[in-house]
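Undergrad: Next comes the structure file upload28.tsv, holding TSV, C-alpha atoms.
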chain	number	residue	atom	x	y	z
A	258	MET	CA	23.77	16.16	-18.57
A	259	THR	CA	26.08	13.25	-19.39
A	260	PHE	CA	28.55	11.96	-16.85
A	261	ILE	CA	31.51	13.33	-18.81
A	262	ASP	CA	29.84	16.76	-18.90
A	263	LEU	CA	29.42	16.60	-15.11
A	264	VAL	CA	33.07	15.61	-14.64
A	265	LYS	CA	34.21	18.45	-16.90
A	266	GLN	CA	32.05	20.91	-14.96
A	267	ARG	CA	33.46	19.98	-11.52
A	268	TYR	CA	36.48	21.97	-10.44
A	269	SER	CA	38.31	23.08	-7.30
A	270	CYS	CA	36.51	26.27	-6.35
A	271	ARG	CA	38.59	28.91	-4.56
A	272	SER	CA	35.95	31.60	-4.00
A	273	TYR	CA	32.40	31.25	-2.67
A	274	GLN	CA	29.33	33.45	-2.49
A	275	GLU	CA	27.86	34.24	0.93
A	276	LYS	CA	24.64	32.49	-0.11
A	277	SER	CA	23.64	29.52	2.08
A	278	VAL	CA	23.25	26.03	0.69
A	279	GLU	CA	19.64	24.86	0.73
A	280	GLN	CA	18.96	21.92	3.05
A	281	GLU	CA	17.35	19.87	0.25
A	282	LYS	CA	20.51	20.21	-1.86
A	283	LEU	CA	22.69	19.21	1.08
A	284	ASP	CA	20.41	16.23	1.78
A	285	TYR	CA	20.65	15.16	-1.88
A	286	VAL	CA	24.46	15.39	-1.84
A	287	MET	CA	24.69	13.40	1.38
A	288	GLU	CA	22.35	10.72	0.00
A	289	CYS	CA	24.76	10.34	-2.93
A	290	VAL	CA	27.60	9.99	-0.41
A	291	ARG	CA	25.63	7.37	1.51
A	292	LEU	CA	25.31	5.31	-1.67
A	293	ALA	CA	29.05	5.40	-2.47
A	294	PRO	CA	30.76	2.01	-2.74
A	295	SER	CA	33.41	0.89	-0.28
A	296	ALA	CA	35.60	-2.19	0.18
A	297	VAL	CA	33.46	-5.09	1.40
A	298	ASN	CA	30.68	-2.48	1.87
A	299	LYS	CA	32.20	-1.46	5.21
A	300	GLN	CA	31.34	2.25	4.74
A	301	PRO	CA	34.09	3.30	7.19
A	302	TRP	CA	33.29	7.00	7.22
A	303	MET	CA	31.63	9.87	9.02
A	304	PHE	CA	30.68	13.26	7.59
A	305	ARG	CA	30.14	16.36	9.74
A	306	VAL	CA	28.55	19.49	8.37
A	307	VAL	CA	29.97	22.68	9.85
A	308	LYS	CA	27.61	25.67	9.56
A	309	ASP	CA	27.85	27.32	12.98
A	310	GLU	CA	29.94	30.51	12.92
A	311	ALA	CA	32.02	29.54	15.97
A	312	GLU	CA	32.74	26.09	14.55
A	313	LYS	CA	33.58	27.54	11.13
A	314	ALA	CA	36.09	29.88	12.82
A	315	LYS	CA	37.74	26.89	14.52
A	316	LEU	CA	37.88	24.91	11.27
A	317	ARG	CA	39.42	27.89	9.49
A	318	GLU	CA	42.27	27.75	12.00
A	319	CYS	CA	43.00	24.24	10.72
A	320	TYR	CA	43.50	25.54	7.18
A	321	ASN	CA	44.22	29.25	7.25
A	322	ARG	CA	43.77	30.41	3.66
A	323	ASP	CA	41.80	33.47	2.55
A	324	TRP	CA	39.92	31.58	-0.14
A	325	PHE	CA	38.91	28.84	2.33
A	326	ASN	CA	37.39	31.43	4.62
A	327	SER	CA	34.89	32.46	1.94
A	328	ALA	CA	32.90	29.18	2.07
A	329	PRO	CA	29.49	29.37	3.75
A	330	MET	CA	29.84	25.84	5.13
A	331	TYR	CA	32.18	22.86	5.32
A	332	ILE	CA	32.04	19.09	5.52
A	333	ILE	CA	34.64	17.25	7.61
A	334	CYS	CA	35.15	13.80	6.09
A	335	SER	CA	36.58	11.20	8.45
A	336	ILE	CA	37.79	7.63	8.24
A	337	LEU	CA	36.58	5.21	10.91
A	338	HIS	CA	39.65	3.00	11.18
A	339	ASP	CA	38.02	0.26	13.23
A	340	GLN	CA	35.45	-0.18	10.45
A	341	GLU	CA	37.75	-0.10	7.40
A	342	TRP	CA	38.48	-3.28	5.48
A	343	VAL	CA	42.05	-4.57	5.69
A	344	ARG	CA	43.35	-6.78	2.90
A	345	LYS	CA	45.17	-10.01	3.85
A	346	ASP	CA	48.54	-8.37	3.16
A	347	GLY	CA	47.75	-5.61	5.67
A	348	LYS	CA	46.67	-2.91	3.19
A	349	HIS	CA	44.08	-0.64	4.84
A	350	HIS	CA	41.36	0.64	2.50
A	351	GLY	CA	39.98	3.54	4.55
A	352	ASP	CA	41.82	6.14	2.47
A	353	ILE	CA	40.49	4.64	-0.75
A	354	ASP	CA	36.95	4.39	0.59
A	355	ILE	CA	36.84	7.97	1.86
A	356	ALA	CA	38.21	9.18	-1.49
A	357	ILE	CA	35.41	7.42	-3.36
A	358	ALA	CA	32.77	8.87	-1.05
A	359	VAL	CA	34.24	12.38	-1.19
A	360	GLU	CA	34.29	12.36	-4.97
A	361	HIS	CA	30.64	11.27	-4.93
A	362	LEU	CA	30.08	14.31	-2.70
A	363	CYS	CA	31.88	16.67	-5.08
A	364	LEU	CA	30.15	15.37	-8.21
A	365	ALA	CA	26.70	15.42	-6.58
A	366	ALA	CA	27.34	18.99	-5.40
A	367	THR	CA	28.33	20.00	-8.92
A	368	GLU	CA	25.15	18.46	-10.31
A	369	GLN	CA	23.19	20.57	-7.81
A	370	GLY	CA	24.89	23.79	-8.96
A	371	LEU	CA	27.24	23.90	-5.97
A	372	ALA	CA	31.01	24.16	-5.84
A	373	THR	CA	33.58	22.30	-3.72
A	374	CYS	CA	37.30	21.83	-3.26
A	375	TRP	CA	39.26	18.95	-1.77
A	376	VAL	CA	41.41	20.11	1.17
A	377	CYS	CA	43.77	17.47	2.50
A	378	ASN	CA	46.69	19.70	3.56
A	379	PHE	CA	45.11	20.86	6.81
A	380	ASN	CA	46.17	20.54	10.44
A	381	ALA	CA	44.40	17.31	11.41
A	382	GLU	CA	45.71	17.41	14.99
A	383	LYS	CA	44.27	20.88	15.52
A	384	CYS	CA	41.01	19.68	13.96
A	385	LYS	CA	40.91	16.84	16.52
A	386	GLU	CA	41.43	19.39	19.32
A	387	PHE	CA	38.56	21.59	18.13
A	388	PHE	CA	35.99	18.92	17.28
A	389	THR	CA	34.88	15.69	18.94
A	390	PHE	CA	36.09	12.58	17.16
A	391	ALA	CA	35.96	8.97	18.28
A	392	ASP	CA	39.29	7.32	19.13
A	393	ASN	CA	39.12	5.32	15.89
A	394	GLU	CA	38.24	8.36	13.75
A	395	GLU	CA	40.67	10.32	11.58
A	396	PRO	CA	39.66	13.58	9.88
A	397	ALA	CA	40.98	13.03	6.35
A	398	VAL	CA	39.44	15.67	4.06
A	399	LEU	CA	37.81	19.07	4.48
A	400	ILE	CA	35.30	20.11	1.83
A	401	PRO	CA	34.21	23.73	1.57
A	402	ILE	CA	30.84	23.76	-0.17
A	403	GLY	CA	28.65	26.54	-1.51
A	404	TYR	CA	27.87	28.60	-4.57
A	405	ALA	CA	30.91	29.60	-6.62
A	406	ALA	CA	31.98	33.22	-6.80
A	407	ASP	CA	34.77	32.40	-9.24
A	408	GLU	CA	34.70	30.81	-12.66
A	409	ARG	CA	35.96	27.39	-13.60
A	410	LYS	CA	39.38	27.48	-15.16
A	411	GLU	CA	40.28	25.01	-17.88
A	412	LYS	CA	41.80	21.87	-16.39
A	413	ILE	CA	45.17	20.78	-17.69
A	414	ARG	CA	45.15	17.02	-18.03
A	415	LYS	CA	47.50	14.47	-19.52
A	416	ALA	CA	46.64	13.19	-22.96
A	417	ILE	CA	44.70	9.92	-23.02
A	418	GLU	CA	47.72	8.19	-24.60
A	419	GLU	CA	49.78	9.02	-21.49
A	420	ILE	CA	47.43	7.25	-19.07
A	421	TYR	CA	45.75	4.50	-21.07
A	422	LYS	CA	47.40	1.39	-22.59
Will you turn the file into structure tokens for me?
TA:
Amino acid sequence: MTFIDLVKQRYSCRSYQEKSVEQEKLDYVMECVRLAPSAVNKQPWMFRVVKDEAEKAKLRECYNRDWFNSAPMYIICSILHDQEWVRKDGKHHGDIDIAIAVEHLCLAATEQGLATCWVCNFNAEKCKEFFTFADNEEPAVLIPIGYAADERKEKIRKAIEEIYK
């Protein structure tokens, strides 16, 4: 599969099968995340896999949507602010770095026949109450991951002329 084919195949899944994700597939995905680039190679991130039923119930309280509840597991993606690179003008790069790593996660999952969806509109404060995070750690993205129960819908994208000069 070419890279463009992989990119076209990835989509935001909103319905998951009950089937568990095999450990070897999860390990492969997380190795791809580990290899993601970051500013000054700081790698200011932490990823927590949530499989336990009690923990999944807590996480579902942080983003209460029916479709989200169908995922067999989740990955909490956090920024480690004391490890992020800060440009001379004060620009923090943790958000950029976590975005790169999370997209590596989503593309690697797609390659493995898995489905994902970025969830950023969740209750981060509630997430901090339910899970243990370091003082410097900010949960930034939740990724439901599993086998899709829905079908990919055609993505509507701007024409190349609108984004490329």
Undergrad: Which residues are near stretch 293-307 of chain A? Cut-off 8 Å, only C-alpha atoms, ignore same chain within fewer than 2 positions. Put them as a PyMOL selection string.
TA: chain A and resi 289-291+309+312-313+330-342+350-351+354-355+357-358+361
Undergrad: Kindly give the distance, in Å, that separates atom CA of A:Glu281 and atom CA of A:Asp352, rounded to a single decimal.
TA: 28.1 Å
Undergrad: Name all residues at most 9 Å from stretch 396-405 of chain A (count all atoms listed in the file; drop same-chain ones fewer than 6 positions away) and give them as an NGL selection string.
TA: :A and (270-278 or 303 or 316 or 325-337 or 352 or 355-356 or 359 or 363 or 366 or 370-379 or 381-382 or 384-385 or 390)
Undergrad: Considering all atoms listed in the file, state which residue in the set A:Lys383, A:Lys348, A:Arg409, A:Lys282 is at the smallest distance from A:Arg267.
TA: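 Selected residue with least distance to A:Arg267: A:Arg409.
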Undergrad: Calculate how many Å separate atom CA of A:Leu263 from atom CA of A:Lys422, rounding to one decimal.
TA: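 Straight-line distance from atom CA of A:Leu263 to atom CA of A:Lys422 works out to 24.7 Å.
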Undergrad: Interatomic distance between atom CA of A:Val264 and atom CA of A:Asp323?
TA: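 Between atom CA of A:Val264 and atom CA of A:Asp323 the gap works out to 26.3 Å.
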Undergrad: Tell me which of A:Asn321, A:Glu408, A:Ala365, A:Glu386 sits closest to A:Glu288, counting only C-alpha atoms.
TA: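 Looking at the shortest contact to A:Glu288, the residue is A:Ala365.
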Undergrad: Point out the residue among A:Ser269, A:Asn380, A:Glu279, A:Leu364 with the least atom-to-atom distance to A:Lys315, counting all atoms listed in the file.
TA: A:Asn380
